[in-house]
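Engineer: I'd like to ask some things about the structure below.
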Amino acid sequence: MSDEPQEAVYQPDPAILDLARWLGSPVEPADFPETRLRFRNDRAAQSIGLDGLGDAEWTRHFGRFAPLEGNLPQPLALKYHGHQFRVYNPEIGDGRGFLFAQMRDSSGRLMDLGTKGSGTTPFSRAGDGRLTLKGAVREILATEMLEALGVNTSKTFSVIETGEALERGDEPSPTRSAVMVRLSHSHIRIGTFQRLLALEERDHMQALVAYCLDHFPGPPPPDDAPARDEPAVILMHNVVERMADLAASYMVAGFVHGVLNTDNMNITGESFDYGPWRWLPRWDPSFTAAYFDHGGLYAFGRQPEALHWNCGQFAVALRLLADSEPLVAAMERFGPLYMEAIAQRWCWRLGVEPRGLEADSQLVTACEKAMRETAAQPDAFFFNHRGGRKGSGDMAQALESYSPVDDNHPYWNDDAPQSMVIAEVEEIWSAIDKRDDWQPLTDKVVALRRMGEAHGTPPIPAGHPA
């Protein structure tokens, strides 16, 4: 995930048009007072053949939303329902964003360009359809840090400041506004399927399952899986595999998403839509990111449970097409898949060669114990013990039988690791807010990408979509 993308030629492929009549509503983007380009992700643009756009053309497409050649003729606000903090809500959908374009990347995958802060839609309810500039900056930081730590995440593709003064109840107002574009491998959510179940649209559900299997294929279910040839069952197994790995990647990264509702769950297992996220200041399973998560439903240590629960809601939706038994059988794979992914990703981040699930799970337990007892910040812990170095006491014993990976990147000789504690996030924003100084953000992105190069490619389970 942190490797440099291959060169690509722009290949428009608006495949969603086959489903658009019932999957979304055509909308008009907001007409912003101004469009000032603040961030363009040329690394991501290179992967879809758009890095050659000049700044003026970039702004015309991603600030004014002039259609890309051969692509969607008009933006599409997607329809979906969802469980929000376990309460079902049928009155949601793309309320401040839309699907803008689809194209193939350098490896042939179907990719989406979607927006955040692009104006009101039929699903906006009482919202203004806008995004704060601070929110856009936070999304840049979240996606860059996650990508560097091997998490399957959307990419922040573009941020353009839009010249409006926004009122928000949870931060100093008025505050600056922006429109953001993200690059994702799909915007189809578990909540998309939940809506079709609620409306009993069986034919549309079949069409959506076929779309997902066609454009986001994964491996077949295990040989002993019941009804393993049924399309809905195949997709259920794929989603369970992807969600188990996503949960593991959050834990190894020390990341708290904050809002793991079913409408925030991409069918590709790709993390996206970052609001009240945090990185751990210390290893604390009860740590929460959202100030409104009073019961700790989406606390750090409960994230695997949350993603497993969301898979259960996906299974409920697919009951429109399949029997319970094969869907439950797929669900039962989540726990073992999660444990395998934790062990693999932990060794990857620690820079040691895996020794097998039992031994690697014991290593994970020893590391967690050491972090709790020493109150070590997780980024520092992994950095300090990279390749088995600086082990003492119980950690020395836990690491003694592990071999370091072949790794000579100069990052590992730095005085301290990159991290994303909230104080630094606020410092980066303050420089922009008070002095219009974007250099700290630019420097941080460069530093995070260097860290990603040092980590190299994470272990990717078979379930990730091709």
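In the structure tokens, each chain is lettered A, B, ... as it comes, each chain's residues begin at 1, and ligands are numbered from 1 in order of appearance.
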Please identify all polymer residues within 10 Å of Ile16 (chain A), counting only C-alpha atoms, omitting same-chain residues fewer than 5 positions from it, and present them as a list in words.

Structural biologist: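 Neighbouring residues, sequence-local ones excluded: Arg21, Leu23, Gly24, Leu72, Leu76, Leu99, Ala101, Gln102, Asp112, Ser186, Leu208 and Tyr211 of chain A.
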
Engineer: Please provide as JSON, numbers by chain all residues within 12 Å of Ala44 (chain A), with the sequence filter that same-chain residues fewer than 3 positions apart are discarded (counting only C-alpha atoms).

Structural biologist: {"A": [1, 2, 3, 4, 5, 6, 7, 8, 39, 40, 41, 47, 48, 49, 50, 51, 52, 105, 106, 111, 112, 113, 143, 144, 147, 154, 155, 156, 157, 158, 181, 182, 183, 184]}

Engineer: If you run DSSP over the backbone, which residues in region 10-40 of chain A end up strand (DSSP E or B)? Put them as a ChimeraX atom specification.

Structural biologist: /A:11-12,24-26,36-40

Engineer: Taking into account only C-alpha atoms, which residue in the set A:Leu196, A:Leu448, A:Val259, A:Val425 is nearest to Glu139 (chain A)?

Structural biologist: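 When distances to Glu139 (chain A) are compared using only C-alpha atoms, the smallest one comes from A:Val425.
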
Engineer: Nearest to Glu230 (chain A) among A:Gln303, A:Phe272, A:Met180, A:Asp323, with distances taken over only C-alpha atoms: which residue is it?

Structural biologist: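 Closest to Glu230 (chain A) of all the choices is A:Asp323.
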
Engineer: Which residue is closest to Arg130 (chain A)? Choose from A:Val364, A:Asp170, A:Arg176, A:Thr153 and count only C-alpha atoms.

Structural biologist: A:Arg176

Engineer: Could you list, as a ChimeraX atom specification, every residue within 7 Å of region 289-292 of chain A, counting only C-alpha atoms and ignoring same-chain residues fewer than 5 positions away?

Structural biologist: /A:256-258,276-278

Engineer: As a PyMOL selection string, please: every residue in region 35-166 of chain A that a backbone DSSP assignment puts in alpha helix (DSSP H).

Structural biologist: chain A and resi 42-47+55-62+133-148

Engineer: Pick the closest to Gln377 (chain A) from A:Ser324, A:Gln344, A:Gln418, A:Asn238: which is it, counting only C-alpha atoms?

Structural biologist: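 The shortest atom-to-atom distance to Gln377 (chain A) comes from A:Gln418.
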
Engineer: Could you tell me how far CA of Gly114 (chain A) lies from CA of Phe98 (chain A), in Å and to one decimal?

Structural biologist: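 These atoms are spaced 5.6 Å apart.
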
Engineer: In Å to one decimal, how far is CA of Gly295 (chain A) from CA of His83 (chain A)?

Structural biologist: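 CA of His83 (chain A) sits 15.9 Å away from CA of Gly295 (chain A).
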
Engineer: Measuring between only C-alpha atoms, which one of A:Arg345, A:His185, A:His61, A:His81 shows the shortest distance to Ser107 (chain A)?

Structural biologist: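 Closest residue, counting only C-alpha atoms: A:His185.
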
Engineer: At a cut-off of 10 Å, using only C-alpha atoms, what residues contact Asp406 (chain A)? Leave out same-chain residues fewer than 5 positions from it and give the result as a list in words.

Structural biologist: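 Here the qualifying residues turn out to be Gly351, Val352, Glu353 and Gly387 of chain A.
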
Engineer: Based on the selection just made, write N, CA, C and O atoms of those residues as a compact mmCIF listing (two decimals), in the first residue's frame.

Structural biologist:
```
# COMPACT_ATOMS: atom_id res chain seq x y z
N GLY A 351 8.66 -5.68 12.51
CA GLY A 351 9.86 -5.94 11.72
C GLY A 351 10.54 -7.25 12.04
O GLY A 351 11.77 -7.34 12.03
N VAL A 352 9.71 -8.29 12.33
CA VAL A 352 10.27 -9.61 12.60
C VAL A 352 9.58 -10.63 11.71
O VAL A 352 8.44 -10.45 11.28
N GLU A 353 10.28 -11.72 11.45
CA GLU A 353 9.73 -12.79 10.63
C GLU A 353 8.71 -13.59 11.44
O GLU A 353 9.00 -14.01 12.57
N GLY A 387 12.55 -4.93 14.71
CA GLY A 387 13.54 -5.98 14.45
C GLY A 387 14.04 -6.68 15.69
O GLY A 387 15.05 -7.38 15.66
```

Engineer: Applying 12 Å and only C-alpha atoms, which residues near Ala396 (chain A) remain after dropping the ones on its own chain fewer than 5 positions away? List them as a ChimeraX atom specification.

Structural biologist: /A:363,366-367,370,385,387-391,401-402

Engineer: So that I can see what lies close to Ile267 (chain A), please list as a PDB file with all heavy atoms, in the first residue's frame the residues with an atom at most 9 Å from it, counting only C-alpha atoms and leaving out residues fewer than 2 positions away in the same chain.

Structural biologist:
```pdb
ATOM      1  N   SER A 186     -14.505   1.820  -4.493  1.00  0.00           N
ATOM      2  CA  SER A 186     -15.946   1.653  -4.264  1.00  0.00           C
ATOM      3  C   SER A 186     -16.460   2.579  -3.163  1.00  0.00           C
ATOM      4  O   SER A 186     -15.733   2.931  -2.222  1.00  0.00           O
ATOM      5  CB  SER A 186     -16.307   0.212  -3.877  1.00  0.00           C
ATOM      6  OG  SER A 186     -17.619   0.139  -3.362  1.00  0.00           O
ATOM      7  N   HIS A 187     -17.720   2.977  -3.279  1.00  0.00           N
ATOM      8  CA  HIS A 187     -18.468   3.647  -2.211  1.00  0.00           C
ATOM      9  C   HIS A 187     -19.729   2.849  -1.862  1.00  0.00           C
ATOM     10  O   HIS A 187     -20.683   3.395  -1.314  1.00  0.00           O
ATOM     11  CB  HIS A 187     -18.847   5.069  -2.622  1.00  0.00           C
ATOM     12  CG  HIS A 187     -17.732   6.061  -2.483  1.00  0.00           C
ATOM     13  ND1 HIS A 187     -16.730   6.181  -3.402  1.00  0.00           N
ATOM     14  CD2 HIS A 187     -17.450   6.970  -1.506  1.00  0.00           C
ATOM     15  CE1 HIS A 187     -15.874   7.131  -3.027  1.00  0.00           C
ATOM     16  NE2 HIS A 187     -16.283   7.612  -1.882  1.00  0.00           N
ATOM     17  N   ILE A 188     -19.732   1.555  -2.181  1.00  0.00           N
ATOM     18  CA  ILE A 188     -20.856   0.690  -1.819  1.00  0.00           C
ATOM     19  C   ILE A 188     -20.682   0.264  -0.370  1.00  0.00           C
ATOM     20  O   ILE A 188     -19.638  -0.256   0.020  1.00  0.00           O
ATOM     21  CB  ILE A 188     -20.933  -0.541  -2.740  1.00  0.00           C
ATOM     22  CG1 ILE A 188     -21.021  -0.118  -4.212  1.00  0.00           C
ATOM     23  CG2 ILE A 188     -22.120  -1.410  -2.352  1.00  0.00           C
ATOM     24  CD1 ILE A 188     -22.229   0.700  -4.568  1.00  0.00           C
ATOM     25  N   ARG A 189     -21.702   0.469   0.420  1.00  0.00           N
ATOM     26  CA  ARG A 189     -21.620   0.264   1.864  1.00  0.00           C
ATOM     27  C   ARG A 189     -22.516  -0.884   2.310  1.00  0.00           C
ATOM     28  O   ARG A 189     -23.440  -1.282   1.581  1.00  0.00           O
ATOM     29  CB  ARG A 189     -22.066   1.537   2.597  1.00  0.00           C
ATOM     30  CG  ARG A 189     -21.394   2.805   2.088  1.00  0.00           C
ATOM     31  CD  ARG A 189     -22.325   4.013   2.247  1.00  0.00           C
ATOM     32  NE  ARG A 189     -21.843   5.162   1.491  1.00  0.00           N
ATOM     33  CZ  ARG A 189     -21.152   6.176   1.986  1.00  0.00           C
ATOM     34  NH1 ARG A 189     -20.869   6.203   3.263  1.00  0.00           N
ATOM     35  NH2 ARG A 189     -20.755   7.168   1.229  1.00  0.00           N
ATOM     36  N   ILE A 190     -22.287  -1.391   3.512  1.00  0.00           N
ATOM     37  CA  ILE A 190     -23.248  -2.324   4.101  1.00  0.00           C
ATOM     38  C   ILE A 190     -24.621  -1.667   4.146  1.00  0.00           C
ATOM     39  O   ILE A 190     -25.641  -2.294   3.863  1.00  0.00           O
ATOM     40  CB  ILE A 190     -22.779  -2.770   5.499  1.00  0.00           C
ATOM     41  CG1 ILE A 190     -21.571  -3.702   5.372  1.00  0.00           C
ATOM     42  CG2 ILE A 190     -23.904  -3.463   6.264  1.00  0.00           C
ATOM     43  CD1 ILE A 190     -20.970  -4.139   6.691  1.00  0.00           C
ATOM     44  N   CYS A 212     -20.843  -6.051  -7.286  1.00  0.00           N
ATOM     45  CA  CYS A 212     -19.717  -6.153  -6.348  1.00  0.00           C
ATOM     46  C   CYS A 212     -18.802  -7.321  -6.689  1.00  0.00           C
ATOM     47  O   CYS A 212     -17.572  -7.197  -6.623  1.00  0.00           O
ATOM     48  CB  CYS A 212     -20.243  -6.284  -4.919  1.00  0.00           C
ATOM     49  SG  CYS A 212     -21.070  -4.805  -4.294  1.00  0.00           S
ATOM     50  N   PHE A 216     -15.272  -6.078  -7.670  1.00  0.00           N
ATOM     51  CA  PHE A 216     -14.421  -6.202  -6.483  1.00  0.00           C
ATOM     52  C   PHE A 216     -14.260  -7.673  -6.121  1.00  0.00           C
ATOM     53  O   PHE A 216     -14.602  -8.087  -5.013  1.00  0.00           O
ATOM     54  CB  PHE A 216     -15.014  -5.427  -5.296  1.00  0.00           C
ATOM     55  CG  PHE A 216     -15.663  -4.133  -5.692  1.00  0.00           C
ATOM     56  CD1 PHE A 216     -17.014  -3.913  -5.434  1.00  0.00           C
ATOM     57  CD2 PHE A 216     -14.942  -3.136  -6.331  1.00  0.00           C
ATOM     58  CE1 PHE A 216     -17.618  -2.725  -5.800  1.00  0.00           C
ATOM     59  CE2 PHE A 216     -15.540  -1.944  -6.708  1.00  0.00           C
ATOM     60  CZ  PHE A 216     -16.885  -1.742  -6.442  1.00  0.00           C
ATOM     61  N   LEU A 235     -20.132 -13.278  -1.706  1.00  0.00           N
ATOM     62  CA  LEU A 235     -19.874 -11.900  -1.283  1.00  0.00           C
ATOM     63  C   LEU A 235     -19.798 -11.803   0.236  1.00  0.00           C
ATOM     64  O   LEU A 235     -18.956 -11.066   0.776  1.00  0.00           O
ATOM     65  CB  LEU A 235     -20.955 -10.968  -1.826  1.00  0.00           C
ATOM     66  CG  LEU A 235     -20.754  -9.481  -1.539  1.00  0.00           C
ATOM     67  CD1 LEU A 235     -19.444  -8.968  -2.139  1.00  0.00           C
ATOM     68  CD2 LEU A 235     -21.932  -8.659  -2.060  1.00  0.00           C
ATOM     69  N   ASN A 238     -16.372 -12.847   1.271  1.00  0.00           N
ATOM     70  CA  ASN A 238     -15.403 -11.808   0.921  1.00  0.00           C
ATOM     71  C   ASN A 238     -15.432 -10.665   1.925  1.00  0.00           C
ATOM     72  O   ASN A 238     -14.379 -10.181   2.372  1.00  0.00           O
ATOM     73  CB  ASN A 238     -15.688 -11.261  -0.472  1.00  0.00           C
ATOM     74  CG  ASN A 238     -15.369 -12.218  -1.597  1.00  0.00           C
ATOM     75  OD1 ASN A 238     -15.811 -12.035  -2.722  1.00  0.00           O
ATOM     76  ND2 ASN A 238     -14.603 -13.261  -1.330  1.00  0.00           N
ATOM     77  N   VAL A 239     -16.630 -10.224   2.281  1.00  0.00           N
ATOM     78  CA  VAL A 239     -16.752  -9.086   3.190  1.00  0.00           C
ATOM     79  C   VAL A 239     -16.257  -9.446   4.587  1.00  0.00           C
ATOM     80  O   VAL A 239     -15.573  -8.650   5.241  1.00  0.00           O
ATOM     81  CB  VAL A 239     -18.206  -8.575   3.214  1.00  0.00           C
ATOM     82  CG1 VAL A 239     -18.418  -7.564   4.340  1.00  0.00           C
ATOM     83  CG2 VAL A 239     -18.562  -7.942   1.863  1.00  0.00           C
ATOM     84  N   ARG A 242     -12.494  -9.321   4.564  1.00  0.00           N
ATOM     85  CA  ARG A 242     -11.975  -7.954   4.485  1.00  0.00           C
ATOM     86  C   ARG A 242     -12.178  -7.205   5.797  1.00  0.00           C
ATOM     87  O   ARG A 242     -11.297  -6.452   6.244  1.00  0.00           O
ATOM     88  CB  ARG A 242     -12.669  -7.216   3.336  1.00  0.00           C
ATOM     89  CG  ARG A 242     -12.355  -7.814   1.980  1.00  0.00           C
ATOM     90  CD  ARG A 242     -13.334  -7.372   0.903  1.00  0.00           C
ATOM     91  NE  ARG A 242     -13.139  -8.124  -0.331  1.00  0.00           N
ATOM     92  CZ  ARG A 242     -13.943  -8.088  -1.375  1.00  0.00           C
ATOM     93  NH1 ARG A 242     -15.030  -7.329  -1.332  1.00  0.00           N
ATOM     94  NH2 ARG A 242     -13.695  -8.806  -2.454  1.00  0.00           N
ATOM     95  N   MET A 243     -13.325  -7.393   6.432  1.00  0.00           N
ATOM     96  CA  MET A 243     -13.602  -6.687   7.680  1.00  0.00           C
ATOM     97  C   MET A 243     -12.732  -7.214   8.828  1.00  0.00           C
ATOM     98  O   MET A 243     -12.316  -6.436   9.699  1.00  0.00           O
ATOM     99  CB  MET A 243     -15.078  -6.807   8.049  1.00  0.00           C
ATOM    100  CG  MET A 243     -16.009  -6.078   7.115  1.00  0.00           C
ATOM    101  SD  MET A 243     -15.732  -4.291   7.092  1.00  0.00           S
ATOM    102  CE  MET A 243     -16.877  -3.805   5.811  1.00  0.00           C
ATOM    103  N   MET A 265     -19.199   1.533   6.387  1.00  0.00           N
ATOM    104  CA  MET A 265     -18.509   0.276   6.112  1.00  0.00           C
ATOM    105  C   MET A 265     -18.522   0.006   4.612  1.00  0.00           C
ATOM    106  O   MET A 265     -19.565  -0.336   4.034  1.00  0.00           O
ATOM    107  CB  MET A 265     -19.191  -0.884   6.839  1.00  0.00           C
ATOM    108  CG  MET A 265     -19.104  -0.832   8.356  1.00  0.00           C
ATOM    109  SD  MET A 265     -17.438  -1.209   8.969  1.00  0.00           S
ATOM    110  CE  MET A 265     -16.875   0.447   9.375  1.00  0.00           C
ATOM    111  N   GLY A 269     -13.915  -3.463   2.242  1.00  0.00           N
ATOM    112  CA  GLY A 269     -13.084  -3.501   3.435  1.00  0.00           C
ATOM    113  C   GLY A 269     -12.121  -2.342   3.514  1.00  0.00           C
ATOM    114  O   GLY A 269     -11.151  -2.384   4.270  1.00  0.00           O
ATOM    115  N   GLU A 270     -12.401  -1.285   2.776  1.00  0.00           N
ATOM    116  CA  GLU A 270     -11.540  -0.113   2.727  1.00  0.00           C
ATOM    117  C   GLU A 270     -12.053   0.930   3.718  1.00  0.00           C
ATOM    118  O   GLU A 270     -13.200   1.344   3.650  1.00  0.00           O
ATOM    119  CB  GLU A 270     -11.546   0.450   1.311  1.00  0.00           C
ATOM    120  CG  GLU A 270     -10.651   1.641   1.076  1.00  0.00           C
ATOM    121  CD  GLU A 270     -10.769   2.124  -0.369  1.00  0.00           C
ATOM    122  OE1 GLU A 270     -11.903   2.358  -0.824  1.00  0.00           O
ATOM    123  OE2 GLU A 270      -9.738   2.241  -1.024  1.00  0.00           O
TER     124      GLU A 270
END
```

Engineer: In Å to one decimal, how far is CA of Trp283 (chain A) from CA of Thr262 (chain A)?

Structural biologist: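 A separation of 26.0 Å between them.
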
Engineer: Find, counting only C-alpha atoms, the residue in A:Gly191, A:Pro281, A:Pro172, A:Pro14 that gets nearest to Tyr80 (chain A).

Structural biologist: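 Counting only C-alpha atoms, the residue closest to Tyr80 (chain A) is A:Gly191.
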
Engineer: Against region 438-442 of chain A, which residues of region 90-178 of chain A fall within 10 Å? For each one I want the closest pair of atoms and the distance in Å (one decimal), counting only C-alpha atoms, rows by chain and increasing residue number, as a Markdown table.

Structural biologist:
```
| residue | atom | partner | partner_atom | distance |
| --- | --- | --- | --- | --- |
| A:Val137 | CA | A:Leu441 | CA | 8.2 |
| A:Ile140 | CA | A:Leu441 | CA | 8.9 |
| A:Leu141 | CA | A:Leu441 | CA | 8.1 |
```
